[in-house]
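Student: Mind looking over this structure? Questions follow.
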Amino acid sequence: MPTYRAVQGTRDILPESAPAWRLIEETVRAVCERYGYQRIETPIFEETGVYARGVGAGTDIVEKEMYTFKDRGDTALTLEPEGTAGVVRAYLEHGMFTQPQPVKLYYLRTPIFRYERPQKGRYREHHQFGCEALGEVDPALDAEMIALLWEVYGRLGARDIVIQLNSIGDGNCRPQYIERLVEYYTPLRDDLCDDCKVRIVKNPLRLLDCKEPQDQPKIAGAPKSADYLCEPCATHFAAVRGSLEAMALPYSINPLLVRGLDYYTRTVFELAPEQGGRRQSAIGGGGRYDGLAELLGGKATPGIGFGSGMERAVELLREQGVALPPPAGPQVFIAALGAEAKSAAMTLAHDLRAADLRVGIAFGERSLKAQMKAANTSGARYAVLIGSGELASGDYAVRDLAAPADAPDTEKQQTIARAGLVAWLAAQVG
RNA sequence: GCGGUCGUAGCUCAAUUUGGCAGAGCUCUAGAUUGUGGCUCUAGUGGUUGCGGGUUCGAGCCCCGUCGAUCGCCCCA
């Protein structure tokens, strides 16, 4: 048993999952750029205040899930627990409010750290891609972003994904709504599950997504945020829905959808596989955060964004059996016998790679048989054999590894002059 | 942070109701006439049975602790 293993809740992303990661990354990049989003990468740690103030001191993330430490200069730092706050900090720091608004940014494969109890689809380190659009309140921007996220998963080939949408109001109407909610729940208090007894004080919105059967009837009768929106929020919400309908996106309103970060206002949304049912299966979620920039010390700047978990996306593709592009193995494999031939093999490999071919070489002093075996396993189409005969004549043996096993050797193998070999192979595999 | 299940070679698993220096398949390495793959055959590498205690003449199998995985809660992507 090895002395060290990956620490709890972290995992290695091994070559076998590379095709899925690559497909997701390329899809995200292409779709984001099509929607006019530009890539941004922020540091994976920030001063703790960025998250403590941005995400909200009372949230679980800040209260008990952040990886916070002091560096050698005694600065309080925190490993990024979510993607938005750092991007907003960068927007303010670099004066992006002087650019044409909205400023549309995306991040990809950003590591996110949360000290949680690991389980399937939930890790202490995971990666997200996400988008942030700052400096514009237009509800069309909300709808466009939801469309973007939807398109990413559509292009990936994921099936049965649903969009859930809600509005939780803003600083004007939400406090009043929460009051109503608490008023409604207070008389029912003794009858609530233990978690909800805490929620009613600590995080009333969460009352709405309790899963205890005993509380479901109470949830059904509870006031819903969408019914208590102030006029501007109601207008905004209606416009978002209108734009989604204009694009024929199959969303559904979920009046019970709330999100855990304090900075959300108005629009909140989530993407999840249809049969998952449970919230943990959400593969992306976000919303508007019109108050966040101010919390971070900037001038009032509206914004909207989402984050989407890439490990969950990889798992989703695996579960749904989405076809992935095969890994790019070598096209040509070179086997050599003896030191002089090995040297010639290195030269040939170098020339072939300069001609953009993917080339493998047998290392070590293996028998030709072993080298041919390696060539076969590598998946290469052609094997080039170099021995004393080839060196003397200048004609190299080239074997077609894709030929039928029962074909005669004369059909599988031929000799090609070294001088024309690079061009010949390039033409064959090109 | 709480509760359930589980933890044997790199991988998938076996080891009679507690007892022989712990086995198989796959992978890997080397061979099966001297320089040739895909099939087959042979052999080998590889485990102080997650770790640490305890009970016992004796534990992979029983007990406790611990670490980890997994499922659910909490929360989130």
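We label chains A, B, ... in the order they appear in the structure tokens, count residues from 1 in each chain, and number ligands from 1 in the order shown.
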With a distance threshold of 8 Å and counting only C-alpha atoms (C1' of nucleotides), extract the residues of chain A near chain B and express them as a list in words.
Tutor: Met1, Gln8, Asp60, Gln119, Lys120, Arg122, Gln128, Gly260, Gln280, Ala282, Ile283, Gly284, Gly285, Gly307, Ser308, Gly309, Met310, Arg312, Leu337, Leu368, Lys369, Met372, Lys373, Ala374, Ala375, Asn376, Gly387, Leu401 and Ala405 of chain A
Student: Compile the contact shell of Thr42 (chain A) as a list in words: residues with an atom at most 8 Å away, counting only C-alpha atoms (C1' of nucleotides), same-chain residues fewer than 4 positions apart removed.
Tutor: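 Within the cut-off, the hits are Gly86, Val87 and Ala90 of chain A.
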Student: Name all residues at most 9 Å from region 193-195 of chain A (count only C-alpha atoms (C1' of nucleotides); drop same-chain ones fewer than 6 positions away) and give them as a count of residues only.
Tutor: 6
Student: For Ser393 (chain A), which residue among A:His94, A:Arg22, A:Lys299, A:Arg418 is the nearest when counting only C-alpha atoms?
Tutor: A:Arg418
Student: My list of candidates is A:Gly389, A:Gly321, A:Gly135, A:Gly95. Which is closest to Ala336 (chain A) when distances are computed with only C-alpha atoms?
Tutor: A:Gly389
Student: So which one's closest to C57 (chain B), B:A43, B:U33, B:C26, B:G19? Using only C-alpha atoms (C1' of nucleotides), please.
Tutor: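 Closest to C57 (chain B) of all the choices is B:G19.
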Student: Write out as an MDAnalysis selection string each polymer residue whose atoms come within 12 Å of A9 (chain B), counting only C-alpha atoms (C1' of nucleotides); drop sequence neighbours fewer than 6 positions from it.
Tutor: (chainID A and resid 1) or (chainID B and resid 22:24 27 45:47 49)
Student: Just list as a count of residues only whatever in region 56-115 of chain A DSSP marks as strand (DSSP E or B).
Tutor: 18
Student: Based on DSSP run over this structure's backbone, return all residues of region 164-364 of chain A in helix (DSSP H, G or I), as an MDAnalysis selection string.
Tutor: chainID A and resid 174:191 194:202 204:209 213:221 225:228 231:246 279:281 292:295 310:319 339:354
